[in-house]
file input.pdb (PDB, C-alpha atoms)
ATOM      1  CA  GLU B  19      86.478  90.655 108.059  1.00  0.00           C
ATOM      2  CA  VAL B  20      85.263  89.038 104.871  1.00  0.00           C
ATOM      3  CA  GLY B  21      82.218  86.908 105.563  1.00  0.00           C
ATOM      4  CA  ASP B  22      81.054  88.401 108.848  1.00  0.00           C
ATOM      5  CA  PRO B  23      77.259  88.031 108.921  1.00  0.00           C
ATOM      6  CA  GLN B  24      75.367  91.293 108.576  1.00  0.00           C
ATOM      7  CA  GLY B  25      71.762  91.731 109.679  1.00  0.00           C
ATOM      8  CA  HIS B  26      69.288  89.230 108.323  1.00  0.00           C
ATOM      9  CA  ILE B  27      71.416  87.758 105.535  1.00  0.00           C
ATOM     10  CA  GLU B  28      71.669  83.996 105.724  1.00  0.00           C
ATOM     11  CA  THR B  29      75.255  82.743 105.992  1.00  0.00           C
ATOM     12  CA  ARG B  30      76.281  79.291 104.807  1.00  0.00           C
ATOM     13  CA  GLU B  31      79.604  77.503 105.024  1.00  0.00           C
ATOM     14  CA  ASP B  32      78.517  74.894 102.465  1.00  0.00           C
ATOM     15  CA  LEU B  33      77.358  75.305  98.884  1.00  0.00           C
ATOM     16  CA  PRO B  34      73.835  74.423  97.784  1.00  0.00           C
ATOM     17  CA  THR B  35      72.936  72.150  94.911  1.00  0.00           C
ATOM     18  CA  PRO B  36      71.942  73.953  91.702  1.00  0.00           C
ATOM     19  CA  HIS B  37      68.268  73.133  92.369  1.00  0.00           C
ATOM     20  CA  GLU B  38      68.384  74.420  95.950  1.00  0.00           C
ATOM     21  CA  PHE B  39      70.172  77.599  94.829  1.00  0.00           C
ATOM     22  CA  PHE B  40      67.532  78.300  92.196  1.00  0.00           C
ATOM     23  CA  VAL B  41      64.502  77.587  94.386  1.00  0.00           C
ATOM     24  CA  LYS B  42      65.703  79.090  97.661  1.00  0.00           C
ATOM     25  CA  TYR B  43      67.854  82.028  96.538  1.00  0.00           C
ATOM     26  CA  VAL B  44      67.047  82.937  92.924  1.00  0.00           C
ATOM     27  CA  ARG B  45      63.275  82.517  93.284  1.00  0.00           C
ATOM     28  CA  GLY B  46      63.161  83.066  97.044  1.00  0.00           C
ATOM     29  CA  ALA B  47      60.342  80.539  97.206  1.00  0.00           C
ATOM     30  CA  GLY B  48      58.104  80.391 100.242  1.00  0.00           C
ATOM     31  CA  GLY B  49      59.259  83.416 102.161  1.00  0.00           C
ATOM     32  CA  PRO B  50      59.382  87.221 102.226  1.00  0.00           C
ATOM     33  CA  PHE B  51      61.755  87.191  99.213  1.00  0.00           C
ATOM     34  CA  HIS B  52      59.385  85.137  97.006  1.00  0.00           C
ATOM     35  CA  GLY B  53      59.822  86.090  93.361  1.00  0.00           C
ATOM     36  CA  VAL B  54      62.663  88.545  93.930  1.00  0.00           C
ATOM     37  CA  GLY B  55      65.434  86.338  95.294  1.00  0.00           C
ATOM     38  CA  LYS B  56      66.892  85.925  98.742  1.00  0.00           C
ATOM     39  CA  PRO B  57      70.325  87.280  99.715  1.00  0.00           C
ATOM     40  CA  VAL B  58      72.838  84.755 101.003  1.00  0.00           C
ATOM     41  CA  LEU B  59      76.515  84.723 101.957  1.00  0.00           C
ATOM     42  CA  PHE B  60      78.625  81.662 101.127  1.00  0.00           C
ATOM     43  CA  LYS B  61      81.404  82.128 103.645  1.00  0.00           C
ATOM     44  CA  GLY B  62      84.812  80.946 102.476  1.00  0.00           C
ATOM     45  CA  ALA B  63      83.711  80.048  98.935  1.00  0.00           C
ATOM     46  CA  ALA B  64      86.256  82.405  97.330  1.00  0.00           C
ATOM     47  CA  LYS B  65      89.126  80.555  99.017  1.00  0.00           C
ATOM     48  CA  LYS B  66      88.772  77.822  96.394  1.00  0.00           C
ATOM     49  CA  MET B  67      89.626  80.216  93.553  1.00  0.00           C
ATOM     50  CA  PRO B  68      93.199  80.759  92.320  1.00  0.00           C
ATOM     51  CA  ALA B  69      92.785  84.544  92.605  1.00  0.00           C
ATOM     52  CA  PHE B  70      92.248  84.322  96.365  1.00  0.00           C
ATOM     53  CA  HIS B  71      95.755  82.955  96.843  1.00  0.00           C
ATOM     54  CA  LEU B  72      97.514  84.693  93.955  1.00  0.00           C
ATOM     55  CA  TRP B  73      96.254  88.259  93.770  1.00  0.00           C
ATOM     56  CA  THR B  74      98.690  90.589  95.447  1.00  0.00           C
ATOM     57  CA  ASP B  75      99.725  93.888  93.913  1.00  0.00           C
ATOM     58  CA  GLU B  76     103.119  92.366  93.117  1.00  0.00           C
ATOM     59  CA  TYR B  77     101.627  89.306  91.408  1.00  0.00           C
ATOM     60  CA  LEU B  78      99.082  91.348  89.434  1.00  0.00           C
ATOM     61  CA  ARG B  79     101.762  93.777  88.269  1.00  0.00           C
ATOM     62  CA  LYS B  80     104.108  90.981  87.171  1.00  0.00           C
ATOM     63  CA  GLN B  81     101.564  88.625  85.581  1.00  0.00           C
ATOM     64  CA  HIS B  82      98.865  91.005  84.346  1.00  0.00           C
ATOM     65  CA  GLY B  83     100.409  94.489  84.307  1.00  0.00           C
ATOM     66  CA  ASP B  84      99.503  95.084  80.650  1.00  0.00           C
ATOM     67  CA  ALA B  85      95.845  94.134  81.161  1.00  0.00           C
ATOM     68  CA  ILE B  86      93.515  97.043  80.513  1.00  0.00           C
ATOM     69  CA  PHE B  87      90.952  98.260  83.016  1.00  0.00           C
ATOM     70  CA  ASP B  88      88.182  99.840  80.950  1.00  0.00           C
ATOM     71  CA  GLN B  89      86.857 101.946  83.832  1.00  0.00           C
ATOM     72  CA  VAL B  90      88.614 103.412  86.844  1.00  0.00           C
ATOM     73  CA  GLU B  91      86.695 105.748  89.127  1.00  0.00           C
ATOM     74  CA  THR B  92      88.453 108.926  90.257  1.00  0.00           C
ATOM     75  CA  GLU B  93      86.608 109.689  93.495  1.00  0.00           C
ATOM     76  CA  LYS B  94      86.095 107.346  96.413  1.00  0.00           C
ATOM     77  CA  LYS B  95      82.855 109.010  97.455  1.00  0.00           C
ATOM     78  CA  GLU B  96      80.761 108.667  94.346  1.00  0.00           C
ATOM     79  CA  THR B  97      78.846 111.722  93.184  1.00  0.00           C
ATOM     80  CA  ARG B  98      78.415 110.639  89.562  1.00  0.00           C
ATOM     81  CA  MET B  99      79.777 114.034  88.570  1.00  0.00           C
ATOM     82  CA  ALA B 100      83.408 113.071  87.887  1.00  0.00           C
ATOM     83  CA  LEU B 101      84.193 111.148  84.733  1.00  0.00           C
ATOM     84  CA  PRO B 102      86.000 107.841  85.125  1.00  0.00           C
ATOM     85  CA  LYS B 103      89.362 107.158  83.527  1.00  0.00           C
ATOM     86  CA  GLU B 104      89.169 104.700  80.663  1.00  0.00           C
ATOM     87  CA  ASP B 105      91.604 102.131  79.321  1.00  0.00           C
ATOM     88  CA  MET B 106      94.176 102.254  82.116  1.00  0.00           C
ATOM     89  CA  LYS B 107      96.857  99.584  82.309  1.00  0.00           C
ATOM     90  CA  LEU B 108      96.607  97.509  85.469  1.00  0.00           C
ATOM     91  CA  SER B 109     100.241  98.357  86.280  1.00  0.00           C
ATOM     92  CA  GLN B 110      99.437 102.098  86.136  1.00  0.00           C
ATOM     93  CA  PHE B 111      96.414 101.574  88.366  1.00  0.00           C
ATOM     94  CA  LEU B 112      98.459  99.581  90.894  1.00  0.00           C
ATOM     95  CA  ASP B 113     101.079 102.348  91.003  1.00  0.00           C
ATOM     96  CA  ALA B 114      98.440 104.946  91.939  1.00  0.00           C
ATOM     97  CA  TYR B 115      95.460 103.466  93.760  1.00  0.00           C
ATOM     98  CA  THR B 116      96.907 103.283  97.297  1.00  0.00           C
ATOM     99  CA  SER B 117      97.903 106.958  97.305  1.00  0.00           C
ATOM    100  CA  SER B 118      94.937 108.455  95.443  1.00  0.00           C
ATOM    101  CA  SER B 119      91.167 108.276  95.119  1.00  0.00           C
ATOM    102  CA  LEU B 120      91.284 105.789  92.248  1.00  0.00           C
ATOM    103  CA  TYR B 121      89.419 102.504  92.392  1.00  0.00           C
ATOM    104  CA  SER B 122      88.622  99.945  89.732  1.00  0.00           C
ATOM    105  CA  VAL B 123      85.149  99.026  88.532  1.00  0.00           C
ATOM    106  CA  ALA B 124      86.445  97.498  85.313  1.00  0.00           C
ATOM    107  CA  LYS B 125      85.144  94.617  83.271  1.00  0.00           C
ATOM    108  CA  THR B 126      87.396  91.743  84.286  1.00  0.00           C
ATOM    109  CA  PRO B 127      90.208  91.417  81.718  1.00  0.00           C
ATOM    110  CA  ALA B 128      90.656  87.964  80.135  1.00  0.00           C
ATOM    111  CA  GLY B 129      93.831  86.974  81.998  1.00  0.00           C
ATOM    112  CA  LEU B 130      92.379  87.865  85.387  1.00  0.00           C
ATOM    113  CA  ALA B 131      89.109  86.132  84.540  1.00  0.00           C
ATOM    114  CA  ASP B 132      91.016  82.847  84.197  1.00  0.00           C
ATOM    115  CA  GLU B 133      91.830  83.017  87.935  1.00  0.00           C
ATOM    116  CA  VAL B 134      88.225  83.511  89.092  1.00  0.00           C
ATOM    117  CA  PHE B 135      85.431  81.043  88.448  1.00  0.00           C
ATOM    118  CA  LEU B 136      81.755  80.572  89.079  1.00  0.00           C
ATOM    119  CA  LEU B 137      80.690  78.488  92.021  1.00  0.00           C
ATOM    120  CA  PRO B 138      79.627  74.978  90.974  1.00  0.00           C
ATOM    121  CA  PHE B 139      75.892  75.565  91.434  1.00  0.00           C
ATOM    122  CA  MET B 140      76.046  78.425  88.910  1.00  0.00           C
ATOM    123  CA  ASN B 141      77.509  76.230  86.172  1.00  0.00           C
ATOM    124  CA  CYS B 142      74.294  74.243  85.879  1.00  0.00           C
ATOM    125  CA  GLY B 143      70.901  75.092  84.464  1.00  0.00           C
ATOM    126  CA  GLY B 144      72.062  77.973  82.291  1.00  0.00           C
ATOM    127  CA  PHE B 145      72.887  80.473  85.072  1.00  0.00           C
ATOM    128  CA  HIS B 146      76.185  81.366  83.415  1.00  0.00           C
ATOM    129  CA  LYS B 147      74.389  82.242  80.161  1.00  0.00           C
ATOM    130  CA  ARG B 148      72.442  84.936  81.988  1.00  0.00           C
ATOM    131  CA  LEU B 149      75.456  86.751  83.383  1.00  0.00           C
ATOM    132  CA  ALA B 150      75.862  90.142  81.770  1.00  0.00           C
ATOM    133  CA  GLU B 151      79.481  90.731  82.787  1.00  0.00           C
ATOM    134  CA  THR B 152      82.020  90.297  85.523  1.00  0.00           C
ATOM    135  CA  VAL B 153      83.513  93.374  87.149  1.00  0.00           C
ATOM    136  CA  THR B 154      86.737  93.656  89.111  1.00  0.00           C
ATOM    137  CA  TRP B 155      86.562  96.077  92.025  1.00  0.00           C
ATOM    138  CA  ILE B 156      89.907  96.967  93.559  1.00  0.00           C
ATOM    139  CA  SER B 157      90.376  99.824  95.992  1.00  0.00           C
ATOM    140  CA  SER B 158      92.465 100.805  98.966  1.00  0.00           C
ATOM    141  CA  GLY B 159      89.255 101.059 101.001  1.00  0.00           C
ATOM    142  CA  SER B 160      86.612 103.573 102.075  1.00  0.00           C
ATOM    143  CA  THR B 161      84.734 103.788  98.781  1.00  0.00           C
ATOM    144  CA  GLN B 162      81.098 104.901  98.876  1.00  0.00           C
ATOM    145  CA  SER B 163      78.513 104.809  96.142  1.00  0.00           C
ATOM    146  CA  VAL B 164      75.321 106.783  95.862  1.00  0.00           C
ATOM    147  CA  ILE B 165      72.093 104.982  96.712  1.00  0.00           C
ATOM    148  CA  HIS B 166      71.127 103.079  93.612  1.00  0.00           C
ATOM    149  CA  SER B 167      69.417  99.997  92.299  1.00  0.00           C
ATOM    150  CA  ASP B 168      71.220  97.678  89.914  1.00  0.00           C
ATOM    151  CA  SER B 169      69.191  96.520  86.944  1.00  0.00           C
ATOM    152  CA  ASN B 170      70.472  92.950  87.301  1.00  0.00           C
ATOM    153  CA  GLN B 171      70.952  90.641  90.236  1.00  0.00           C
ATOM    154  CA  ASN B 172      74.480  90.656  91.605  1.00  0.00           C
ATOM    155  CA  VAL B 173      76.857  87.957  92.730  1.00  0.00           C
ATOM    156  CA  HIS B 174      79.719  89.456  94.737  1.00  0.00           C
ATOM    157  CA  CYS B 175      82.923  87.566  95.448  1.00  0.00           C
ATOM    158  CA  MET B 176      85.283  89.180  97.940  1.00  0.00           C
ATOM    159  CA  PHE B 177      88.899  88.175  98.403  1.00  0.00           C
ATOM    160  CA  ALA B 178      89.745  90.774 101.056  1.00  0.00           C
ATOM    161  CA  GLY B 179      88.159  93.681 102.871  1.00  0.00           C
ATOM    162  CA  LYS B 180      84.548  94.206 103.780  1.00  0.00           C
ATOM    163  CA  LYS B 181      81.358  95.414 102.147  1.00  0.00           C
ATOM    164  CA  ARG B 182      78.512  97.191 103.857  1.00  0.00           C
ATOM    165  CA  TRP B 183      75.102  96.756 102.256  1.00  0.00           C
ATOM    166  CA  ALA B 184      72.400  99.332 102.797  1.00  0.00           C
TER     167      ALA B 184
END
call {"tool": "encode", "arguments": {"input": "input.pdb", "output": "structure tokens"}}
result
Amino acid sequence: EVGDPQGHIETREDLPTPHEFFVKYVRGAGGPFHGVGKPVLFKGAAKKMPAFHLWTDEYLRKQHGDAIFDQVETEKKETRMALPKEDMKLSQFLDAYTSSSLYSVAKTPAGLADEVFLLPFMNCGGFHKRLAETVTWISSGSTQSVIHSDSNQNVHCMFAGKKRWA
């Protein structure tokens, strides 16, 4: 289930102030994560976003079917050998993803982005200016990526499903 604590990751049901978020989680001050950031799970935070309540396949098809996903992966177990599909309409993706190996890793299209927002502590102190992009991951489950390191810090917001971190 979304939000189940995994391993040593701190889980919170409340949201920190911008200052606490920066000191404790971005800087990881005073602990083993000092200088690199400390992972944390804000359980239930996504429930405050319109997308959490609105995003069903039916709703997305009706309201955003013409939105373009710039990248759709073609294999659920990533090998980095297969080329992704580019510029696929959301409606086409929704028609195929539950019966194929397709899953979305697209930059969030404008209309969908209006239904997702940053948590309040990220709207202060310039955090939002440092975000490179937002990405919409949609799959029917069981996707696997190769072991990798992202060049930027990540903020993941899950509306359904589960994610296993290694």
call {"tool": "residues_near_point", "arguments": {"input": "input.pdb", "point": "(86.2, 79.5, 97.6)", "cutoff": "12 Å", "atoms": "all atoms listed in the file", "output": "list in words"}}
result
Gly21, Glu31, Asp32, Leu33, Leu59, Phe60, Lys61, Gly62, Ala63, Ala64, Lys65, Lys66, Met67, Pro68, Ala69, Phe70, His71, Glu133, Val134, Phe135, Leu136, Leu137, Pro138, Cys175, Met176 and Phe177 of chain B
call {"tool": "residues_near_point", "arguments": {"input": "input.pdb", "point": "(90.9, 100.5, 97.6)", "cutoff": "10 Å", "atoms": "all atoms listed in the file", "output": "PyMOL selection string"}}
result
chain B and resi 94+115-122+155-161+179
call {"tool": "closest_residue", "arguments": {"input": "input.pdb", "among": "B:Met140, B:Ala85, B:Thr152, B:Asp168", "to": "Glu38 in chain B", "atoms": "only C-alpha atoms"}}
result
B:Met140
call {"tool": "closest_residue", "arguments": {"input": "input.pdb", "among": "B:Asp132, B:Glu93, B:Glu76, B:Asp84", "to": "Leu108 in chain B", "atoms": "only C-alpha atoms"}}
result
B:Asp84
call {"tool": "atom_distance", "arguments": {"input": "input.pdb", "atom1": "CA of Asn141 in chain B", "atom2": "CA of Glu28 in chain B"}}
result
21.8 Å
call {"tool": "closest_residue", "arguments": {"input": "input.pdb", "among": "B:Ser167, B:Gln162, B:Thr92, B:Thr35", "to": "Phe111 in chain B", "atoms": "all atoms listed in the file"}}
result
B:Thr92
call {"tool": "closest_residue", "arguments": {"input": "input.pdb", "among": "B:Lys80, B:Arg30, B:His37, B:Lys107", "to": "Val58 in chain B", "atoms": "all atoms listed in the file"}}
result
B:Arg30
call {"tool": "closest_residue", "arguments": {"input": "input.pdb", "among": "B:Met106, B:Ala114, B:Val90, B:Leu101", "to": "Thr154 in chain B", "atoms": "all atoms listed in the file"}}
result
B:Val90
call {"tool": "resolve_selection", "arguments": {"input": "input.pdb", "expression": "the PyMOL selection byres ((chain B and resi 151) around 12)", "output": "VMD selection string"}}
result
chain B and resid 123 to 128 131 146 to 150 152 to 154 170 to 173
call {"tool": "closest_residue", "arguments": {"input": "input.pdb", "among": "B:Lys95, B:Phe145, B:Phe87, B:His166", "to": "Gln110 in chain B", "atoms": "only C-alpha atoms"}}
result
B:Phe87
